[in-house]
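Q: So here's final-v8.cif (mmCIF, C-alpha atoms and all ligand atoms).
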```cif
data_data
loop_
_atom_site.label_atom_id
_atom_site.label_comp_id
_atom_site.auth_asym_id
_atom_site.auth_seq_id
_atom_site.Cartn_x
_atom_site.Cartn_y
_atom_site.Cartn_z
CA MET V 511 128.46 14.02 105.26
CA GLY V 512 128.68 16.66 102.57
CA LYS V 513 129.47 20.14 103.84
CA ASN V 514 126.19 21.97 104.48
CA CYS V 515 124.30 19.40 102.43
CA VAL V 516 120.55 19.71 102.98
CA PHE V 517 119.84 16.07 102.16
CA CYS V 518 122.60 14.81 104.48
CA LYS V 519 120.91 16.86 107.20
CA ILE V 520 117.56 15.32 106.29
CA ALA V 521 119.17 11.86 106.46
CA THR V 522 120.50 12.56 109.98
CA LYS V 523 117.16 14.22 110.98
CA GLU V 524 118.93 17.53 111.63
CA ILE V 525 116.38 18.94 109.18
CA LYS V 526 112.80 17.70 109.39
CA SER V 527 111.14 15.90 106.52
CA SER V 528 108.05 13.81 105.96
CA VAL V 529 109.60 10.33 105.88
CA VAL V 530 107.93 7.70 103.70
CA PHE V 531 110.48 4.89 104.07
CA GLU V 532 113.82 4.36 105.78
CA ASP V 533 116.41 1.63 106.22
CA ASP V 534 120.15 1.56 106.88
CA ASP V 535 121.07 2.70 103.38
CA VAL V 536 118.28 4.86 102.01
CA LEU V 537 115.69 7.42 103.06
CA ALA V 538 112.53 8.39 101.18
CA PHE V 539 110.67 11.58 102.02
CA LYS V 540 108.06 13.87 100.50
CA ASP V 541 109.28 16.68 98.26
CA LEU V 542 108.72 20.08 99.82
CA ASN V 543 107.47 21.56 96.53
CA PRO V 544 105.63 18.71 94.87
CA GLU V 545 105.31 18.69 91.07
CA ALA V 546 102.62 16.00 91.18
CA PRO V 547 100.08 14.62 93.68
CA VAL V 548 102.74 12.06 94.67
CA HIS V 549 106.30 13.41 94.73
CA VAL V 550 108.77 11.47 96.85
CA LEU V 551 112.56 11.78 96.89
CA ILE V 552 114.66 8.68 97.51
CA ILE V 553 118.24 9.35 98.65
CA PRO V 554 121.22 7.28 99.71
CA LYS V 555 122.24 8.08 103.29
CA LYS V 556 125.78 8.18 101.95
CA HIS V 557 126.64 11.55 100.40
CA ILE V 558 127.04 11.15 96.64
CA GLU V 559 126.90 14.50 94.86
CA THR V 560 125.47 13.41 91.53
CA LEU V 561 124.88 10.22 89.57
CA ASP V 562 128.08 11.20 87.79
CA LYS V 563 130.05 10.80 91.01
CA ALA V 564 128.84 7.27 91.82
CA ASP V 565 131.58 4.64 92.03
CA ARG V 566 131.51 0.99 91.08
CA GLU V 567 131.18 0.24 94.80
CA ASP V 568 127.84 2.11 94.72
CA VAL V 569 126.24 -0.21 92.15
CA GLN V 570 124.14 -2.05 94.71
CA LEU V 571 123.11 1.21 96.38
CA LEU V 572 122.01 2.64 93.02
CA GLY V 573 119.86 -0.43 92.46
CA LYS V 574 118.37 -0.05 95.90
CA LEU V 575 117.28 3.53 95.19
CA LEU V 576 115.23 2.40 92.20
CA PHE V 577 113.92 -0.68 93.97
CA THR V 578 112.77 1.53 96.85
CA ALA V 579 110.93 3.78 94.38
CA LYS V 580 109.17 0.72 92.99
CA GLU V 581 108.24 -0.52 96.46
CA ILE V 582 106.79 2.86 97.46
CA ALA V 583 104.90 3.10 94.16
CA GLY V 584 103.51 -0.39 94.72
CA ARG V 585 102.12 0.66 98.09
CA SER V 586 100.47 3.78 96.68
CA GLY V 587 97.09 3.04 95.14
CA SER V 588 97.10 6.27 93.16
CA LEU V 589 100.16 5.09 91.19
CA ALA V 590 98.50 1.92 89.89
CA GLY V 591 98.19 3.53 86.45
CA GLY V 592 101.87 4.45 86.24
CA TYR V 593 104.51 6.75 87.61
CA ARG V 594 107.78 8.36 86.65
CA THR V 595 111.25 8.15 88.19
CA VAL V 596 113.72 10.94 87.43
CA ILE V 597 117.36 11.61 88.28
CA ASN V 598 118.51 15.10 87.34
CA CYS V 599 122.27 14.98 86.88
CA ASN V 600 124.13 18.29 87.00
CA ARG V 601 123.11 21.81 85.99
CA ASP V 602 121.81 21.26 82.45
CA ALA V 603 119.36 18.66 83.76
CA GLY V 604 118.13 21.08 86.41
CA GLN V 605 119.79 19.49 89.46
CA GLU V 606 119.47 21.90 92.37
CA VAL V 607 120.42 19.77 95.36
CA PHE V 608 123.81 18.15 94.97
CA HIS V 609 123.12 14.95 96.89
CA LEU V 610 121.98 12.16 94.58
CA HIS V 611 118.22 11.62 94.64
CA VAL V 612 115.57 9.80 92.65
CA HIS V 613 112.29 11.63 92.14
CA LEU V 614 109.22 9.38 92.27
CA LEU V 615 106.34 11.25 90.65
CA GLY V 616 102.77 10.15 90.07
CA GLY V 617 99.09 10.73 90.47
CA ARG V 618 98.75 12.62 87.19
CA LYS V 619 99.61 12.16 83.52
CA PHE V 620 103.06 13.22 82.33
CA SER V 621 104.07 14.34 78.88
CA TRP V 622 107.03 13.12 76.85
CA PRO V 623 109.56 14.38 75.89
CA PRO V 624 110.20 16.20 79.17
CA GLY V 625 110.75 19.97 79.09
P1 LIG V 701 116.63 18.54 91.84
O1 LIG V 701 116.21 19.73 91.00
O2 LIG V 701 116.56 17.25 91.06
O3 LIG V 701 117.96 18.75 92.50
O4 LIG V 701 115.51 18.39 92.95
C1 LIG V 701 115.65 18.89 94.24
C2 LIG V 701 114.31 18.71 94.89
O5 LIG V 701 114.48 18.80 96.28
C3 LIG V 701 113.26 19.77 94.49
O6 LIG V 701 112.12 19.10 93.94
C4 LIG V 701 112.94 20.46 95.82
O7 LIG V 701 111.58 20.79 95.93
C5 LIG V 701 113.35 19.41 96.83
N1 LIG V 701 113.76 19.92 98.14
C6 LIG V 701 114.68 20.87 98.42
N2 LIG V 701 114.81 21.03 99.74
C7 LIG V 701 113.95 20.15 100.33
C8 LIG V 701 113.62 19.84 101.67
N3 LIG V 701 114.22 20.46 102.71
N4 LIG V 701 112.69 18.89 101.90
C9 LIG V 701 112.09 18.25 100.87
N5 LIG V 701 112.37 18.49 99.57
C10 LIG V 701 113.27 19.44 99.30
ZN ZN V 702 124.63 15.03 101.18
#
```
Turn this file's structure into structure tokens for me.
Ligand code: AMP
Ligand code: ZN

A:
Amino acid sequence: MGKNCVFCKIATKEIKSSVVFEDDDVLAFKDLNPEAPVHVLIIPKKHIETLDKADREDVQLLGKLLFTAKEIAGRSGSLAGGYRTVINCNRDAGQEVFHLHVHLLGGRKFSWPPG
């Protein structure tokens, strides 16, 4: 567990969240300040600070995060037209919580390039 890590505390249920999916390795929950009608965060239960800090031993776990996003999107009718997955890595990308997470966003149109 990362010291005072909010997402570790969400993973252990020390902090409440609206859980969308859970298994032994990952947890998906609704973002507290959604940027789209659907905004889910998918985290590894293992504390990894940023994508940058993932090890080779985390390869399968990284795949599972994306696969979980796809599974959740597949179950959500409002994402039939498309959705976006985002990983903000470090400060310049706007990462605010330093526990690796995939944003699953959908239910509206997104522009490209991102801001
Ligand atoms: P990032 O900028 O990529 O680090 O995204 C962090 C995300 O975590 C933001 O979209 C926040 O709204 C979200 N967030 C922070 N604290 C919580 C929380 N306790 N429960 C749910 N989402 C949270
Ligand atoms: Zn953590």

Q: Excluding same-chain residues fewer than 4 positions from V:His613, what lies within 12 Å of it counting all atoms listed in the file, as a ChimeraX atom specification?

A: /V:538-546,548-553,575-576,578-580,582-583,593-599,605,607

Q: For atom C8 of ligand LIG 701 (chain V) and atom CA of V:Leu561, determine how far apart the two atoms are, in Å to one decimal place.

A: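 One can read the atom C8 of ligand LIG 701 (chain V) to atom CA of V:Leu561 distance as 19.1 Å.
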
Q: Find the smallest box with edges along x, y and z containing every listed atom of ligand LIG 701 (chain V), then add 5 Å on each side and report centre and edge lengths in Å to one decimal, as lines of an AutoDock Vina configuration file.

A:
```
center_x = 114.8
center_y = 19.1
center_z = 96.9
size_x = 16.4
size_y = 13.8
size_z = 21.7
```

Q: List as number ranges by chain the protein and nucleic acid residues near V:Ile558, meaning an atom at most 10 Å away when only C-alpha atoms are counted, but skip any in the same chain fewer than 4 places from it.

A: V: 511-512, 518, 553-554, 562-565, 568, 608-611

Q: At a cut-off of 10 Å, using only C-alpha atoms, what residues contact V:Asp535? Leave out same-chain residues fewer than 2 positions from it and give the result as a PDB file with C-alpha atoms, in the frame of the given file.

A:
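Saved as part.pdb:
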```pdb
ATOM      1  CA  ALA V 521     119.170  11.860 106.460  1.00  0.00           C
ATOM      2  CA  GLU V 532     113.820   4.360 105.780  1.00  0.00           C
ATOM      3  CA  ASP V 533     116.410   1.630 106.220  1.00  0.00           C
ATOM      4  CA  LEU V 537     115.690   7.420 103.060  1.00  0.00           C
ATOM      5  CA  ILE V 553     118.240   9.350  98.650  1.00  0.00           C
ATOM      6  CA  PRO V 554     121.220   7.280  99.710  1.00  0.00           C
ATOM      7  CA  LYS V 555     122.240   8.080 103.290  1.00  0.00           C
ATOM      8  CA  LYS V 556     125.780   8.180 101.950  1.00  0.00           C
ATOM      9  CA  LEU V 571     123.110   1.210  96.380  1.00  0.00           C
ATOM     10  CA  LYS V 574     118.370  -0.050  95.900  1.00  0.00           C
ATOM     11  CA  LEU V 575     117.280   3.530  95.190  1.00  0.00           C
TER      12      LEU V 575
END
```

Q: Determine, counting only C-alpha atoms, which protein, DNA and RNA residues have an atom within 9 Å of an atom of V:Gly592; residues of the same chain fewer than 4 positions away are not included. Present the result as a list in words.

A: Ala583, Ser588, Gly616, Gly617, Arg618 and Lys619 of chain V

Q: Rank nothing, just name the residue among V:Lys519, V:Lys526, V:Arg601, V:His557 nearest to ligand ZN 702 (chain V), using only C-alpha atoms and all ligand atoms.

A: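 Checking each of V:Lys519, V:Lys526, V:Arg601, V:His557 against ligand ZN 702 (chain V), counting only C-alpha atoms and all ligand atoms, the winner is V:His557.
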
Q: Quick one: of V:Phe620, V:Glu606, V:Glu524, V:Lys513, who's nearest to ligand LIG 701 (chain V), counting only C-alpha atoms and all ligand atoms?

A: V:Glu606

Q: One decimal, Å: what's the distance from atom CA of V:Ala603 over to atom CA of V:Phe517, could you say?

A: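 Between atom CA of V:Ala603 and atom CA of V:Phe517 the gap is 18.6 Å.
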
Q: V:Val516, V:Ala590, V:Leu572, V:Val529: which is nearest V:Val612, counting all atoms listed in the file?

A: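 The closest residue to V:Val612 is V:Leu572.
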
Q: Please report the interatomic distance between atom C6 of ligand LIG 701 (chain V) and atom CA of V:Glu559 in Å with one decimal.

A: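 Atom-to-atom, atom C6 of ligand LIG 701 (chain V) and atom CA of V:Glu559 are spaced 14.2 Å apart.
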
Q: Tell me which of V:Asn514, V:Asn600, V:Pro624, V:Thr522 sits closest to ligand LIG 701 (chain V), counting all atoms listed in the file.

A: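 Result for the nearest residue to ligand LIG 701 (chain V): V:Asn600.
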
Q: From the block you just saw, export chain V: C-alpha atoms, as a compact mmCIF listing (two decimals), in the first residue's frame.

A:
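Result went into decode.txt, see below:
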```txt
# COMPACT_ATOMS: atom_id res chain seq x y z
CA MET V 511 0.00 0.00 0.00
CA GLY V 512 1.28 3.44 -0.90
CA LYS V 513 1.58 5.82 2.03
CA ASN V 514 -1.66 7.80 2.32
CA CYS V 515 -2.66 6.76 -1.19
CA VAL V 516 -6.33 7.53 -1.83
CA PHE V 517 -6.73 4.79 -4.45
CA CYS V 518 -5.09 2.16 -2.21
CA LYS V 519 -7.67 3.14 0.41
CA ILE V 520 -10.44 2.81 -2.16
CA ALA V 521 -9.07 -0.63 -3.10
CA THR V 522 -9.18 -1.77 0.55
CA LYS V 523 -12.62 -0.07 1.04
CA GLU V 524 -11.18 2.23 3.70
CA ILE V 525 -12.57 5.01 1.50
CA LYS V 526 -15.98 4.52 -0.09
CA SER V 527 -16.45 4.46 -3.83
CA SER V 528 -19.12 3.44 -6.29
CA VAL V 529 -17.72 0.10 -7.46
CA VAL V 530 -18.46 -0.97 -11.03
CA PHE V 531 -16.30 -4.11 -11.20
CA GLU V 532 -13.88 -5.94 -8.93
CA ASP V 533 -11.71 -9.04 -8.99
CA ASP V 534 -8.50 -10.11 -7.24
CA ASP V 535 -6.30 -7.79 -9.28
CA VAL V 536 -8.31 -4.76 -10.31
CA LEU V 537 -11.06 -2.45 -9.11
CA ALA V 538 -13.25 -0.18 -11.25
CA PHE V 539 -15.23 2.65 -9.69
CA LYS V 540 -17.02 5.82 -10.74
CA ASP V 541 -14.98 9.02 -10.86
CA LEU V 542 -16.04 11.48 -8.17
CA ASN V 543 -15.91 14.42 -10.59
CA PRO V 544 -17.02 12.96 -13.90
CA GLU V 545 -15.86 14.62 -17.13
CA ALA V 546 -18.43 12.72 -19.19
CA PRO V 547 -21.76 10.92 -18.62
CA VAL V 548 -19.72 7.73 -18.12
CA HIS V 549 -16.44 8.20 -16.26
CA VAL V 550 -15.01 5.11 -14.61
CA LEU V 551 -11.51 4.64 -13.18
CA ILE V 552 -9.86 1.23 -13.42
CA ILE V 553 -6.98 0.65 -10.99
CA PRO V 554 -4.68 -2.21 -10.10
CA LYS V 555 -5.09 -3.22 -6.45
CA LYS V 556 -1.30 -3.24 -6.33
CA HIS V 557 0.14 0.23 -5.74
CA ILE V 558 1.95 1.40 -8.88
CA GLU V 559 2.55 5.15 -8.82
CA THR V 560 2.49 5.88 -12.53
CA LEU V 561 2.65 4.00 -15.83
CA ASP V 562 6.29 5.01 -15.77
CA LYS V 563 6.88 2.90 -12.66
CA ALA V 564 5.38 -0.33 -14.04
CA ASP V 565 7.80 -3.28 -14.19
CA ARG V 566 8.03 -6.08 -16.70
CA GLU V 567 6.28 -8.27 -14.10
CA ASP V 568 3.27 -5.93 -14.41
CA VAL V 569 2.73 -6.59 -18.13
CA GLN V 570 -0.22 -8.89 -17.58
CA LEU V 571 -1.75 -6.53 -15.04
CA LEU V 572 -1.46 -3.62 -17.48
CA GLY V 573 -3.28 -5.68 -20.08
CA LYS V 574 -5.97 -6.52 -17.58
CA LEU V 575 -6.64 -2.84 -16.85
CA LEU V 576 -7.41 -2.17 -20.52
CA PHE V 577 -9.35 -5.40 -20.94
CA THR V 578 -11.48 -4.45 -17.93
CA ALA V 579 -12.19 -1.05 -19.51
CA LYS V 580 -13.34 -2.83 -22.67
CA GLU V 581 -15.55 -5.22 -20.70
CA ILE V 582 -17.21 -2.38 -18.79
CA ALA V 583 -17.69 -0.40 -22.01
CA GLY V 584 -19.25 -3.46 -23.64
CA ARG V 585 -21.81 -3.69 -20.84
CA SER V 586 -22.74 -0.01 -21.09
CA GLY V 587 -25.28 0.64 -23.82
CA SER V 588 -24.46 4.34 -23.94
CA LEU V 589 -20.90 3.54 -25.09
CA ALA V 590 -21.98 1.61 -28.18
CA GLY V 591 -20.93 4.56 -30.36
CA GLY V 592 -17.43 4.75 -28.88
CA TYR V 593 -15.48 5.69 -25.81
CA ARG V 594 -12.06 6.89 -24.76
CA THR V 595 -9.45 5.38 -22.44
CA VAL V 596 -6.83 7.70 -20.95
CA ILE V 597 -3.79 7.23 -18.73
CA ASN V 598 -2.31 10.50 -17.49
CA CYS V 599 1.34 9.85 -16.68
CA ASN V 600 3.07 12.37 -14.41
CA ARG V 601 2.57 16.11 -13.94
CA ASP V 602 2.72 17.38 -17.53
CA ALA V 603 -0.08 14.99 -18.49
CA GLY V 604 -2.20 16.24 -15.59
CA GLN V 605 -1.86 13.22 -13.29
CA GLU V 606 -3.23 14.18 -9.88
CA VAL V 607 -3.53 10.84 -8.11
CA PHE V 608 -0.28 8.92 -8.06
CA HIS V 609 -1.71 5.41 -8.20
CA LEU V 610 -1.93 4.14 -11.77
CA HIS V 611 -5.43 4.37 -13.22
CA VAL V 612 -7.15 4.11 -16.58
CA HIS V 613 -9.95 6.58 -17.24
CA LEU V 614 -12.87 5.13 -19.19
CA LEU V 615 -14.88 8.02 -20.61
CA GLY V 616 -17.97 7.99 -22.78
CA GLY V 617 -21.51 9.04 -23.40
CA ARG V 618 -20.54 12.17 -25.32
CA LYS V 619 -18.34 13.15 -28.26
CA PHE V 620 -14.69 13.94 -27.60
CA SER V 621 -12.42 16.20 -29.57
CA TRP V 622 -8.92 15.41 -30.82
CA PRO V 623 -6.20 16.45 -30.18
CA PRO V 624 -6.83 16.54 -26.43
CA GLY V 625 -6.22 19.80 -24.56
```
